[in-house]
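**Student:** Below is the file run_9.csv, which contains CSV, C-alpha atoms.
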chain,number,residue,atom,x,y,z
H,1,VAL,CA,0.0,0.0,0.0
H,2,ARG,CA,2.8,2.4,1.0
H,3,ARG,CA,4.7,1.6,-2.2
H,4,ALA,CA,1.6,2.2,-4.4
H,5,ALA,CA,1.0,5.5,-2.6
H,6,ALA,CA,4.6,6.6,-3.3
H,7,GLN,CA,4.3,5.6,-6.9
H,8,ALA,CA,1.0,7.5,-7.2
H,9,ARG,CA,2.8,10.6,-5.9
H,10,GLY,CA,5.6,10.1,-8.4
H,11,GLU,CA,8.1,9.3,-5.6
H,12,THR,CA,10.6,6.5,-5.1
H,13,PHE,CA,9.4,4.3,-2.4
H,14,ARG,CA,11.7,4.1,0.7
H,15,TYR,CA,11.2,2.0,3.7
H,16,ASP,CA,10.2,4.2,6.6
H,17,GLY,CA,11.8,2.1,9.4
H,18,ARG,CA,8.5,1.4,11.2
H,19,CYS,CA,9.7,-2.2,12.1
H,20,ARG,CA,13.3,-1.3,13.0
H,21,ASP,CA,12.9,-2.0,16.7
H,22,LEU,CA,10.6,-5.0,16.6
H,23,PRO,CA,12.2,-8.2,17.9
H,24,LEU,CA,12.3,-11.4,15.8
H,25,ARG,CA,9.4,-13.7,16.5
H,26,THR,CA,9.5,-17.4,15.8
H,27,GLY,CA,7.0,-18.6,13.3
H,28,VAL,CA,6.2,-15.2,11.9
H,29,PRO,CA,7.4,-14.5,8.4
H,30,ALA,CA,9.6,-11.4,8.3
H,31,ALA,CA,12.3,-9.9,6.2
H,32,LEU,CA,15.7,-9.3,7.8
H,33,ARG,CA,17.1,-5.8,7.0
H,34,LEU,CA,20.5,-4.1,7.6
H,35,ARG,CA,20.0,-1.1,9.8
H,36,ILE,CA,21.6,1.9,8.2
H,37,PRO,CA,23.1,4.6,10.6
H,38,ASP,CA,20.8,7.5,11.0
H,39,SER,CA,23.4,10.1,10.1
H,40,GLY,CA,26.8,10.6,8.6
H,41,THR,CA,28.2,9.5,5.3
H,42,THR,CA,29.7,6.5,3.7
H,43,VAL,CA,32.7,7.1,1.4
H,44,VAL,CA,33.6,4.8,-1.5
H,45,SER,CA,37.3,4.9,-2.3
H,46,ASP,CA,37.2,4.0,-5.9
H,47,LEU,CA,40.2,3.6,-8.2
H,48,VAL,CA,38.4,5.2,-11.1
H,49,HIS,CA,36.1,7.8,-9.6
H,50,GLY,CA,38.2,8.7,-6.5
H,51,GLU,CA,36.4,9.4,-3.2
H,52,VAL,CA,32.6,9.2,-3.8
H,53,THR,CA,30.5,10.2,-0.8
H,54,PHE,CA,27.0,9.0,-0.1
H,55,ASP,CA,24.7,10.6,2.5
H,56,ARG,CA,23.3,7.8,4.7
H,57,ALA,CA,20.0,9.6,5.0
H,58,THR,CA,19.4,8.6,1.4
H,59,LEU,CA,19.9,4.9,2.1
H,60,ASP,CA,17.0,3.0,3.5
H,61,ASP,CA,17.3,-0.2,5.6
H,62,TRP,CA,17.8,-2.6,2.8
H,63,ILE,CA,16.7,-6.2,2.9
H,64,LEU,CA,19.3,-8.9,3.5
H,65,VAL,CA,17.0,-11.9,3.7
H,66,ARG,CA,13.4,-11.9,2.3
H,67,SER,CA,10.4,-13.0,4.3
H,68,ASP,CA,10.5,-16.4,2.4
H,69,GLY,CA,14.1,-17.0,3.6
H,70,THR,CA,15.9,-16.2,0.4
H,71,PRO,CA,18.9,-13.9,0.5
H,72,THR,CA,19.1,-10.7,-1.7
H,73,TYR,CA,21.7,-10.0,-4.4
H,74,ASN,CA,23.6,-7.4,-2.4
H,75,PHE,CA,23.9,-9.6,0.6
H,76,CYS,CA,25.0,-12.6,-1.5
H,77,VAL,CA,27.7,-10.4,-3.2
H,78,VAL,CA,29.3,-9.5,0.1
H,79,VAL,CA,29.3,-13.1,1.4
H,80,ASP,CA,30.5,-14.6,-1.9
H,81,ASP,CA,33.4,-12.1,-2.2
H,82,VAL,CA,34.5,-12.7,1.4
H,83,THR,CA,34.2,-16.5,1.0
H,84,MET,CA,36.3,-16.4,-2.3
H,85,LYS,CA,38.8,-13.9,-0.7
H,86,ILE,CA,38.2,-11.3,-3.4
H,87,THR,CA,40.7,-8.5,-3.1
H,88,HIS,CA,39.4,-6.2,-6.0
H,89,VAL,CA,35.9,-5.7,-7.1
H,90,ILE,CA,35.9,-4.4,-10.7
H,91,ARG,CA,32.6,-3.8,-12.3
H,92,GLY,CA,30.5,-1.4,-14.3
H,93,ASN,CA,29.8,2.0,-12.8
H,94,ASP,CA,26.0,1.2,-12.9
H,95,HIS,CA,26.8,-0.8,-9.7
H,96,LEU,CA,28.4,2.2,-7.9
H,97,SER,CA,25.1,3.0,-6.2
H,98,ASN,CA,25.0,-0.4,-4.6
H,99,THR,CA,28.5,-0.1,-3.1
H,100,PRO,CA,27.7,2.0,0.0
H,101,LYS,CA,25.1,-0.5,1.1
H,102,GLN,CA,27.6,-3.3,0.6
H,103,ILE,CA,30.3,-1.4,2.4
H,104,LEU,CA,28.0,-1.0,5.4
H,105,CYS,CA,27.3,-4.8,5.2
H,106,TYR,CA,31.0,-5.6,5.2
H,107,GLU,CA,31.5,-3.3,8.2
H,108,ALA,CA,28.5,-4.7,10.1
H,109,LEU,CA,29.8,-8.3,9.7
H,110,GLY,CA,33.4,-7.3,10.5
H,111,TYR,CA,34.8,-8.1,7.1
H,112,PRO,CA,37.7,-6.2,5.5
H,113,LEU,CA,36.8,-4.1,2.5
H,114,PRO,CA,38.1,-5.0,-1.0
H,115,VAL,CA,39.4,-2.4,-3.4
H,116,PHE,CA,36.6,-1.0,-5.6
H,117,ALA,CA,36.9,0.1,-9.2
H,118,HIS,CA,33.8,1.0,-11.1
H,119,ILE,CA,34.7,1.2,-14.8
H,120,PRO,CA,32.7,3.3,-17.3
H,121,MET,CA,29.9,1.7,-19.4
H,122,ILE,CA,30.4,1.0,-23.1
H,123,LEU,CA,27.8,2.9,-25.1
H,124,GLY,CA,26.6,2.6,-28.7
H,125,PRO,CA,27.2,5.3,-31.3
H,126,ASP,CA,23.9,6.8,-30.2
H,127,ARG,CA,25.4,7.1,-26.7
H,128,LYS,CA,22.9,4.7,-25.3
H,129,ARG,CA,23.7,1.5,-23.4
H,130,LEU,CA,24.8,-1.3,-25.7
H,131,SER,CA,22.0,-3.7,-26.7
H,132,LYS,CA,21.0,-6.0,-29.5
H,133,ARG,CA,20.0,-3.1,-31.6
H,134,HIS,CA,23.6,-2.1,-31.9
H,135,GLY,CA,24.5,-5.5,-33.5
H,136,ALA,CA,26.7,-8.3,-32.1
H,137,THR,CA,26.0,-9.0,-28.4
H,138,SER,CA,28.4,-12.0,-27.9
H,139,VAL,CA,32.1,-12.5,-28.4
H,140,LEU,CA,31.1,-15.7,-30.3
H,141,THR,CA,29.1,-13.5,-32.7
H,142,PHE,CA,32.2,-11.4,-33.4
H,143,ARG,CA,34.2,-14.6,-34.0
H,144,ASP,CA,31.6,-15.8,-36.5
H,145,GLU,CA,31.8,-12.4,-38.2
H,146,GLY,CA,35.5,-12.9,-38.7
H,147,PHE,CA,37.1,-10.9,-35.9
H,148,LEU,CA,40.3,-12.1,-34.3
H,149,ALA,CA,40.7,-12.7,-30.6
H,150,GLU,CA,43.8,-10.5,-30.5
H,151,ALA,CA,41.9,-7.6,-32.0
H,152,MET,CA,38.9,-8.1,-29.6
H,153,VAL,CA,41.2,-8.1,-26.5
H,154,ASN,CA,43.2,-5.1,-27.8
H,155,TYR,CA,40.0,-3.1,-28.7
H,156,PHE,CA,38.1,-3.6,-25.5
H,157,ALA,CA,41.2,-3.0,-23.4
H,158,ARG,CA,41.5,0.4,-25.1
H,159,LEU,CA,37.8,1.4,-24.4
H,160,GLY,CA,38.2,3.8,-21.5
H,161,TRP,CA,41.9,3.2,-21.0
H,162,ALA,CA,44.9,4.6,-22.7
H,163,HIS,CA,48.7,4.4,-22.6
H,164,GLY,CA,49.9,7.4,-24.4
H,165,ASP,CA,49.0,7.4,-28.1
H,166,GLN,CA,49.6,3.6,-28.6
H,167,GLU,CA,46.7,1.8,-30.2
H,168,VAL,CA,48.0,-1.7,-30.9
H,169,PHE,CA,48.9,-3.9,-27.9
H,170,THR,CA,49.8,-7.5,-27.5
H,171,ARG,CA,48.4,-9.4,-24.6
H,172,ASP,CA,51.8,-9.4,-22.9
H,173,GLU,CA,51.9,-5.6,-23.3
H,174,LEU,CA,48.5,-5.2,-21.8
H,175,ILE,CA,49.4,-7.3,-18.8
H,176,ARG,CA,52.5,-5.3,-18.2
H,177,LEU,CA,51.1,-1.8,-18.9
H,178,PHE,CA,47.4,-1.9,-17.8
H,179,ASP,CA,46.6,0.1,-14.7
H,180,LEU,CA,43.2,0.7,-13.3
H,181,ARG,CA,44.2,4.2,-12.3
H,182,GLN,CA,44.5,5.1,-16.0
H,183,VAL,CA,40.9,4.1,-16.7
H,184,GLY,CA,38.8,7.2,-17.4
H,185,ALA,CA,35.4,7.8,-15.7
H,186,THR,CA,33.7,8.9,-19.0
H,187,PRO,CA,31.6,6.2,-20.8
H,188,ALA,CA,33.4,4.7,-23.8
H,189,ILE,CA,31.8,4.7,-27.3
H,190,PHE,CA,31.8,1.4,-29.2
H,191,ASP,CA,33.1,2.2,-32.7
H,192,ARG,CA,32.8,-0.7,-35.1
H,193,THR,CA,34.9,1.1,-37.7
H,194,LYS,CA,37.8,1.3,-35.2
H,195,LEU,CA,37.4,-2.4,-34.4
H,196,GLU,CA,37.5,-3.3,-38.1
H,197,TRP,CA,40.6,-1.2,-38.5
H,198,LEU,CA,42.3,-2.9,-35.6
H,199,ASN,CA,41.3,-6.3,-36.8
H,200,GLN,CA,42.9,-5.5,-40.2
H,201,VAL,CA,46.1,-4.5,-38.4
H,202,TRP,CA,46.2,-7.7,-36.5
H,203,MET,CA,45.5,-9.9,-39.6
H,204,LYS,CA,48.5,-8.2,-41.3
H,205,ARG,CA,50.7,-8.5,-38.2
H,206,LEU,CA,50.0,-12.2,-37.8
H,207,ALA,CA,50.6,-12.8,-41.5
H,208,GLU,CA,54.1,-11.5,-41.1
H,209,ASP,CA,55.0,-14.3,-38.6
H,210,PRO,CA,55.3,-17.9,-39.9
H,211,GLU,CA,53.5,-19.4,-36.9
H,212,GLY,CA,50.8,-16.7,-36.9
H,213,LEU,CA,50.3,-17.1,-40.6
H,214,THR,CA,49.8,-20.8,-40.4
H,215,ARG,CA,47.3,-20.5,-37.5
H,216,LEU,CA,45.5,-17.6,-39.2
H,217,ALA,CA,45.1,-19.4,-42.5
H,218,THR,CA,44.4,-23.0,-41.5
H,219,ARG,CA,42.5,-22.5,-38.2
H,220,GLN,CA,40.8,-19.2,-38.6
H,221,LEU,CA,40.3,-18.4,-42.3
H,222,ALA,CA,39.6,-22.0,-43.4
H,223,PRO,CA,36.2,-22.3,-41.7
H,224,HIS,CA,35.0,-19.1,-43.4
H,225,VAL,CA,36.2,-20.3,-46.8
H,226,GLU,CA,34.5,-23.7,-46.2
H,227,GLY,CA,31.3,-21.7,-45.3
H,228,LEU,CA,31.3,-20.5,-48.9
H,229,GLY,CA,30.8,-24.1,-50.0
H,230,ILE,CA,34.5,-24.7,-50.8
H,231,ALA,CA,35.6,-28.0,-49.3
H,232,ALA,CA,39.1,-28.6,-47.9
H,233,PRO,CA,40.9,-25.6,-49.3
H,234,ARG,CA,44.6,-26.1,-49.8
H,235,ALA,CA,46.8,-24.8,-47.0
H,236,GLU,CA,49.2,-23.0,-49.3
H,237,LEU,CA,46.4,-21.1,-51.0
H,238,LEU,CA,44.9,-20.2,-47.7
H,239,GLN,CA,48.3,-18.7,-46.7
H,240,ALA,CA,48.6,-16.9,-50.0
H,241,ALA,CA,45.1,-15.4,-49.4
H,242,VAL,CA,46.1,-14.2,-45.9
H,243,VAL,CA,49.4,-12.6,-47.1
H,244,ASN,CA,47.9,-10.9,-50.2
H,245,LEU,CA,44.4,-9.9,-48.9
H,246,GLY,CA,45.4,-8.9,-45.3
H,247,GLU,CA,45.5,-5.2,-46.2
H,248,ARG,CA,42.4,-5.4,-48.4
H,249,SER,CA,40.1,-7.0,-45.8
H,250,LYS,CA,38.6,-5.9,-42.5
H,251,THR,CA,37.5,-9.3,-41.3
H,252,LEU,CA,38.1,-13.0,-42.1
H,253,VAL,CA,34.7,-13.2,-43.6
H,254,GLU,CA,35.5,-10.4,-46.0
H,255,MET,CA,38.8,-12.0,-46.8
H,256,ALA,CA,37.2,-15.4,-47.5
H,257,ARG,CA,34.8,-13.8,-50.0
H,258,LYS,CA,37.6,-11.9,-51.8
H,259,ALA,CA,39.8,-15.0,-51.8
H,260,ARG,CA,37.3,-17.2,-53.6
H,261,PHE,CA,39.2,-17.1,-56.8
H,262,TYR,CA,42.1,-18.9,-55.1
H,263,PHE,CA,40.0,-22.0,-54.6
H,264,GLU,CA,37.7,-22.2,-57.6
H,265,ASP,CA,37.5,-20.9,-61.2
H,266,PRO,CA,35.4,-17.8,-61.8
H,267,THR,CA,31.9,-18.7,-62.8
H,268,ASP,CA,31.5,-15.4,-64.6
H,269,TYR,CA,33.4,-12.2,-65.4
H,270,ASP,CA,32.8,-8.5,-64.6
H,271,SER,CA,30.5,-7.6,-67.5
H,272,THR,CA,31.7,-4.0,-67.9
H,273,ALA,CA,35.4,-5.1,-68.0
H,274,LEU,CA,34.6,-8.0,-70.3
H,275,GLY,CA,33.0,-5.7,-72.8
H,276,LYS,CA,35.9,-3.3,-72.7
H,277,LEU,CA,38.8,-5.8,-72.7
H,278,ALA,CA,37.5,-8.7,-74.8
H,279,SER,CA,38.2,-7.1,-78.2
H,280,PRO,CA,39.2,-9.0,-81.4
H,281,ALA,CA,42.8,-7.8,-80.9
H,282,LEU,CA,43.0,-9.6,-77.6
H,283,GLY,CA,42.6,-13.1,-79.0
H,284,PRO,CA,46.0,-13.2,-80.8
H,285,ARG,CA,47.7,-11.7,-77.7
H,286,LEU,CA,46.3,-14.5,-75.5
H,287,ASP,CA,47.5,-17.1,-78.1
H,288,ARG,CA,51.1,-15.9,-77.8
H,289,LEU,CA,50.8,-15.5,-74.0
H,290,LEU,CA,49.6,-19.1,-73.6
H,291,ALA,CA,52.3,-20.4,-75.8
H,292,ARG,CA,55.0,-18.6,-73.8
H,293,LEU,CA,53.6,-19.6,-70.4
H,294,ALA,CA,53.3,-23.2,-71.3
H,295,SER,CA,57.1,-23.7,-71.2
H,296,LEU,CA,58.1,-20.9,-68.8
H,297,GLU,CA,60.6,-22.0,-66.1
H,298,PRO,CA,60.8,-21.3,-63.2
H,299,TRP,CA,57.1,-20.5,-62.5
H,300,THR,CA,57.7,-17.6,-60.2
H,301,ALA,CA,56.1,-14.1,-60.0
H,302,THR,CA,59.4,-12.5,-61.2
H,303,GLU,CA,59.7,-14.7,-64.2
H,304,LEU,CA,56.0,-14.4,-65.0
H,305,GLU,CA,56.1,-10.6,-64.9
H,306,GLY,CA,59.3,-10.6,-67.0
H,307,ALA,CA,57.7,-12.8,-69.7
H,308,ALA,CA,54.6,-10.6,-69.8
H,309,ARG,CA,56.7,-7.4,-70.1
H,310,GLN,CA,58.7,-8.9,-72.9
H,311,LEU,CA,55.6,-10.0,-74.7
H,312,ALA,CA,54.0,-6.6,-74.3
H,313,SER,CA,57.1,-4.9,-75.7
H,314,GLU,CA,57.0,-7.3,-78.7
H,315,LEU,CA,53.3,-6.5,-79.3
H,316,GLY,CA,53.8,-2.8,-78.9
H,317,VAL,CA,51.3,-2.5,-76.0
H,318,LYS,CA,51.5,-1.5,-72.4
H,319,LEU,CA,51.9,-4.1,-69.6
H,320,VAL,CA,48.5,-3.3,-68.3
H,321,ASP,CA,47.0,-4.3,-71.7
H,322,LEU,CA,48.1,-7.8,-70.9
H,323,ALA,CA,47.8,-7.8,-67.1
H,324,GLN,CA,44.2,-6.7,-66.9
H,325,PRO,CA,42.8,-9.4,-69.2
H,326,ILE,CA,44.9,-11.9,-67.2
H,327,ARG,CA,43.4,-10.6,-63.9
H,328,LEU,CA,39.9,-10.8,-65.3
H,329,ALA,CA,40.5,-14.4,-66.5
H,330,LEU,CA,41.9,-15.6,-63.2
H,331,THR,CA,39.7,-13.8,-60.7
H,332,GLY,CA,36.6,-12.6,-62.6
H,333,GLU,CA,37.3,-9.0,-61.4
H,334,THR,CA,39.5,-6.1,-62.4
H,335,ALA,CA,40.8,-5.5,-58.9
H,336,SER,CA,43.0,-8.0,-57.0
H,337,PRO,CA,46.4,-8.4,-55.4
H,338,PRO,CA,49.4,-8.3,-57.8
H,339,ILE,CA,48.4,-10.6,-60.6
H,340,PHE,CA,51.8,-12.2,-61.3
H,341,GLY,CA,51.9,-13.3,-57.6
H,342,ILE,CA,48.5,-14.8,-58.0
H,343,MET,CA,49.6,-16.7,-61.1
H,344,ALA,CA,52.6,-18.0,-59.1
H,345,ASP,CA,50.3,-19.1,-56.2
H,346,LEU,CA,47.7,-20.7,-58.5
H,347,GLY,CA,50.3,-22.7,-60.4
H,348,ARG,CA,50.7,-23.4,-64.1
H,349,GLU,CA,47.9,-25.8,-64.6
H,350,THR,CA,45.2,-23.6,-63.0
H,351,THR,CA,46.5,-20.4,-64.7
H,352,LEU,CA,46.5,-21.9,-68.2
H,353,ARG,CA,43.1,-23.6,-67.7
H,354,ARG,CA,41.5,-20.3,-66.7
H,355,LEU,CA,43.2,-18.4,-69.5
H,356,ARG,CA,41.9,-20.9,-72.1
H,357,ARG,CA,38.4,-20.7,-70.6
H,358,PHE,CA,38.5,-16.9,-70.8
H,359,GLN,CA,39.8,-17.1,-74.3
H,360,ASP,CA,36.6,-18.8,-75.4
H,361,ARG,CA,34.7,-15.6,-74.4
H,362,VAL,CA,37.0,-13.4,-76.6
H,363,PRO,CA,35.6,-12.6,-80.1
H,364,ARG,CA,37.8,-13.3,-83.1
H,365,ALA,CA,38.2,-11.0,-86.1
Give the structure from this file in structure tokens form.

**Tutor:**
Amino acid sequence: VRRAAAQARGETFRYDGRCRDLPLRTGVPAALRLRIPDSGTTVVSDLVHGEVTFDRATLDDWILVRSDGTPTYNFCVVVDDVTMKITHVIRGNDHLSNTPKQILCYEALGYPLPVFAHIPMILGPDRKRLSKRHGATSVLTFRDEGFLAEAMVNYFARLGWAHGDQEVFTRDELIRLFDLRQVGATPAIFDRTKLEWLNQVWMKRLAEDPEGLTRLATRQLAPHVEGLGIAAPRAELLQAAVVNLGERSKTLVEMARKARFYFEDPTDYDSTALGKLASPALGPRLDRLLARLASLEPWTATELEGAARQLASELGVKLVDLAQPIRLALTGETASPPIFGIMADLGRETTLRRLRRFQDRVPRA
């Protein structure tokens, strides 16, 4: 009744202490409350917010055990932390208002206080608390979207914390450098664009290390490639995709889509590019290119580029006049990593097969 009356007045209901001095009576259901001192203040010494003072007059006698015998959250928190010998309580600053009550409970039970640190909340771009409307709500969702664990740890450690102007941190660096006293009290904004940039940085960094490259390709990129319907992609082509597409892809999912040409022949070609490049003059050029590539040794990017340059000179055309048709034939697109590296990665058999297939689409004079 009193709660309803307070709500009707537009006020927050507070226990008025009418049963403060009643003794416990056996067999009579009753809630057990913590009696808050009538005056004074409770100070929370917080590593992030500093000294935060609460007037005890604003704290009502809060329930420890309900009338049905079940303990409340705030009481359980104190008992659990003491039982587990927790030294530091690090949580969101939305729990800061609970802390003075918990401190009074610690003191009433004679328990030592832990160190408190209430870190800022992470907000969406609209500066509202993160929720499903902002997208992924689980680290597993981010994993499925192609984000690396290294990037996720790095990004979330930087939300609300800084160490100079450094943006990229390894886990060892975070362990060594992180200090709660450097955490800001202002809410952090979740920026997906920044996360994608950081993920791209980490894909490139891992690709530069042999062990990281192998893991990134065979354990992390492979599942996304197989998700495109490509079974058992070759390890060396997975590694080539990581090395060549790392700077061109924000996530492993994006990389897998761009890398499709490594694992299967193009099913079609960019129509605009095909109309522009597939002229009657191209047919004889491809004939001479195929003949030269058939016996080229060794099959390396350097030798392939040299052969293409020499042929372009003999034909009186620019290198791009040969390179772009080759790129279209091998990838189906006009944008890709360096084409002679792709030819080396795909190998002679696949390269010649795709060039001959493309040749069938080129009109003859």

**Student:** I'd like to know which of H:Glu254, H:Glu303, H:Asp191, H:Asp345 is closest to Met203 of chain H, using all atoms listed in the file.

**Tutor:**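 When distances to Met203 of chain H are compared using all atoms listed in the file, the smallest one comes from H:Glu254.
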
**Student:** For a test of reading the model, state the distance in Å between atom CA of Arg215 of chain H and atom CA of Gln166 of chain H, rounded to one decimal.

**Tutor:**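 Separation of atom CA of Arg215 of chain H and atom CA of Gln166 of chain H: 25.8 Å.
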
**Student:** Kindly indicate which residue among H:Thr267, H:Thr87, H:Asn244, H:Asn93 lies nearest to Ala185 of chain H, using all atoms listed in the file for the distances.

**Tutor:**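 Result for the nearest residue to Ala185 of chain H: H:Asn93.
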
**Student:** Please compute the atom CA of Asp270 of chain H-atom CA of Pro363 of chain H distance, one decimal, in Å.

**Tutor:** 16.3 Å

**Student:** Pick out the closest residue to Val183 of chain H from this set: H:Leu130, H:Met121, H:Ala241, H:Ala231. Count only C-alpha atoms.

**Tutor:**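 Distance minimum relative to Val183 of chain H lands on H:Met121.
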
**Student:** Give me, as a ChimeraX atom specification, all polymer residues having an atom no more than 12 Å from Thr70 of chain H, counting only C-alpha atoms and skipping those fewer than 3 positions away in the same chain.

**Tutor:** /H:29-32,63-67,73,75-76

**Student:** Can you tell me, as an mmCIF file with C-alpha atoms, in the coordinates of the input, what residues are no more than 6 Å from segment 141-157 of chain H when counting all atoms listed in the file, ignoring any on the same chain fewer than 2 positions away?

**Tutor:**
data_model
loop_
_atom_site.group_PDB
_atom_site.id
_atom_site.type_symbol
_atom_site.label_atom_id
_atom_site.label_comp_id
_atom_site.auth_asym_id
_atom_site.auth_seq_id
_atom_site.Cartn_x
_atom_site.Cartn_y
_atom_site.Cartn_z
ATOM 1 C CA ALA H 136 26.700 -8.300 -32.100
ATOM 2 C CA SER H 138 28.400 -12.000 -27.900
ATOM 3 C CA VAL H 139 32.100 -12.500 -28.400
ATOM 4 C CA LEU H 159 37.800 1.400 -24.400
ATOM 5 C CA PHE H 169 48.900 -3.900 -27.900
ATOM 6 C CA LEU H 198 42.300 -2.900 -35.600
ATOM 7 C CA ASN H 199 41.300 -6.300 -36.800
ATOM 8 C CA THR H 251 37.500 -9.300 -41.300
ATOM 9 C CA LEU H 252 38.100 -13.000 -42.100
ATOM 10 C CA VAL H 253 34.700 -13.200 -43.600
#

**Student:** Have a look at atom CA of Val317 of chain H and atom CA of Leu293 of chain H and let me know their distance in Å, one decimal.

**Tutor:**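 Calculated distance between atom CA of Val317 of chain H and atom CA of Leu293 of chain H is 18.1 Å.
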
**Student:** Just checking: using all atoms listed in the file, which residue out of H:Pro37, H:Pro125, H:Gly332, H:Pro233 ends up closest to Ala108 of chain H?

**Tutor:**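 Result for the nearest residue to Ala108 of chain H: H:Pro37.
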
**Student:** For Arg14 of chain H, please output as a list in words all residues within 9 Å (counting only C-alpha atoms; exclusion window: fewer than 3 positions along the same chain).

**Tutor:**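 The neighbour list is Arg3, Ala6, Glu11, Gly17, Thr58, Leu59, Asp60 and Asp61 of chain H.
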
**Student:** What would the list of residues within 12 Å of (40.5, -7.5, -76.8) (file frame) look like as a PDB file with C-alpha atoms, keeping the file's coordinate frame, if all atoms listed in the file are what count?

**Tutor:**
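Wrote part.pdb, looks like this:
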ATOM      1  CA  ALA H 273      35.400  -5.100 -68.000  1.00  0.00           C
ATOM      2  CA  LEU H 274      34.600  -8.000 -70.300  1.00  0.00           C
ATOM      3  CA  GLY H 275      33.000  -5.700 -72.800  1.00  0.00           C
ATOM      4  CA  LYS H 276      35.900  -3.300 -72.700  1.00  0.00           C
ATOM      5  CA  LEU H 277      38.800  -5.800 -72.700  1.00  0.00           C
ATOM      6  CA  ALA H 278      37.500  -8.700 -74.800  1.00  0.00           C
ATOM      7  CA  SER H 279      38.200  -7.100 -78.200  1.00  0.00           C
ATOM      8  CA  PRO H 280      39.200  -9.000 -81.400  1.00  0.00           C
ATOM      9  CA  ALA H 281      42.800  -7.800 -80.900  1.00  0.00           C
ATOM     10  CA  LEU H 282      43.000  -9.600 -77.600  1.00  0.00           C
ATOM     11  CA  GLY H 283      42.600 -13.100 -79.000  1.00  0.00           C
ATOM     12  CA  PRO H 284      46.000 -13.200 -80.800  1.00  0.00           C
ATOM     13  CA  ARG H 285      47.700 -11.700 -77.700  1.00  0.00           C
ATOM     14  CA  LEU H 286      46.300 -14.500 -75.500  1.00  0.00           C
ATOM     15  CA  ASP H 287      47.500 -17.100 -78.100  1.00  0.00           C
ATOM     16  CA  VAL H 317      51.300  -2.500 -76.000  1.00  0.00           C
ATOM     17  CA  ASP H 321      47.000  -4.300 -71.700  1.00  0.00           C
ATOM     18  CA  LEU H 322      48.100  -7.800 -70.900  1.00  0.00           C
ATOM     19  CA  GLN H 324      44.200  -6.700 -66.900  1.00  0.00           C
ATOM     20  CA  PRO H 325      42.800  -9.400 -69.200  1.00  0.00           C
ATOM     21  CA  ILE H 326      44.900 -11.900 -67.200  1.00  0.00           C
ATOM     22  CA  LEU H 328      39.900 -10.800 -65.300  1.00  0.00           C
ATOM     23  CA  PHE H 358      38.500 -16.900 -70.800  1.00  0.00           C
ATOM     24  CA  GLN H 359      39.800 -17.100 -74.300  1.00  0.00           C
ATOM     25  CA  ARG H 361      34.700 -15.600 -74.400  1.00  0.00           C
ATOM     26  CA  VAL H 362      37.000 -13.400 -76.600  1.00  0.00           C
ATOM     27  CA  PRO H 363      35.600 -12.600 -80.100  1.00  0.00           C
ATOM     28  CA  ARG H 364      37.800 -13.300 -83.100  1.00  0.00           C
ATOM     29  CA  ALA H 365      38.200 -11.000 -86.100  1.00  0.00           C
TER      30      ALA H 365
END

**Student:** Compare H:Pro187, H:Gly227, H:Gly246, H:Pro338 by their minimum atom-to-atom distance to Leu213 of chain H, counting all atoms listed in the file, and give me the closest one.

**Tutor:** H:Gly246

**Student:** Smallest atom-to-atom distance to Arg309 of chain H: which of H:Ala188, H:Ala117, H:Ile90, H:Ala323, using all atoms listed in the file?

**Tutor:**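 Smallest separation from Arg309 of chain H among the options: H:Ala323.
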
**Student:** With a distance cut-off of 10 Å and all atoms listed in the file, select the neighbouring residues of Met343 of chain H, excluding the residue or stretch itself and same-chain residues fewer than 3 positions from it, and output the selection as a count of residues only.

**Tutor:** 19

**Student:** Excluding same-chain residues fewer than 2 positions from Leu109 of chain H, what lies within 12 Å of it counting all atoms listed in the file, as a list in words?

**Tutor:**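 Returned residues: Leu34, Phe75, Val78, Val79, Val82, Gln102, Ile103, Leu104, Cys105, Tyr106, Glu107, Tyr111, Pro112 and Leu113 of chain H.
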
**Student:** Would you put the residues from that selection into a file with C-alpha atoms, as a PDB file, in the coordinates of the input?

**Tutor:**
ATOM      1  CA  LEU H  34      20.500  -4.100   7.600  1.00  0.00           C
ATOM      2  CA  PHE H  75      23.900  -9.600   0.600  1.00  0.00           C
ATOM      3  CA  VAL H  78      29.300  -9.500   0.100  1.00  0.00           C
ATOM      4  CA  VAL H  79      29.300 -13.100   1.400  1.00  0.00           C
ATOM      5  CA  VAL H  82      34.500 -12.700   1.400  1.00  0.00           C
ATOM      6  CA  GLN H 102      27.600  -3.300   0.600  1.00  0.00           C
ATOM      7  CA  ILE H 103      30.300  -1.400   2.400  1.00  0.00           C
ATOM      8  CA  LEU H 104      28.000  -1.000   5.400  1.00  0.00           C
ATOM      9  CA  CYS H 105      27.300  -4.800   5.200  1.00  0.00           C
ATOM     10  CA  TYR H 106      31.000  -5.600   5.200  1.00  0.00           C
ATOM     11  CA  GLU H 107      31.500  -3.300   8.200  1.00  0.00           C
ATOM     12  CA  TYR H 111      34.800  -8.100   7.100  1.00  0.00           C
ATOM     13  CA  PRO H 112      37.700  -6.200   5.500  1.00  0.00           C
ATOM     14  CA  LEU H 113      36.800  -4.100   2.500  1.00  0.00           C
TER      15      LEU H 113
END
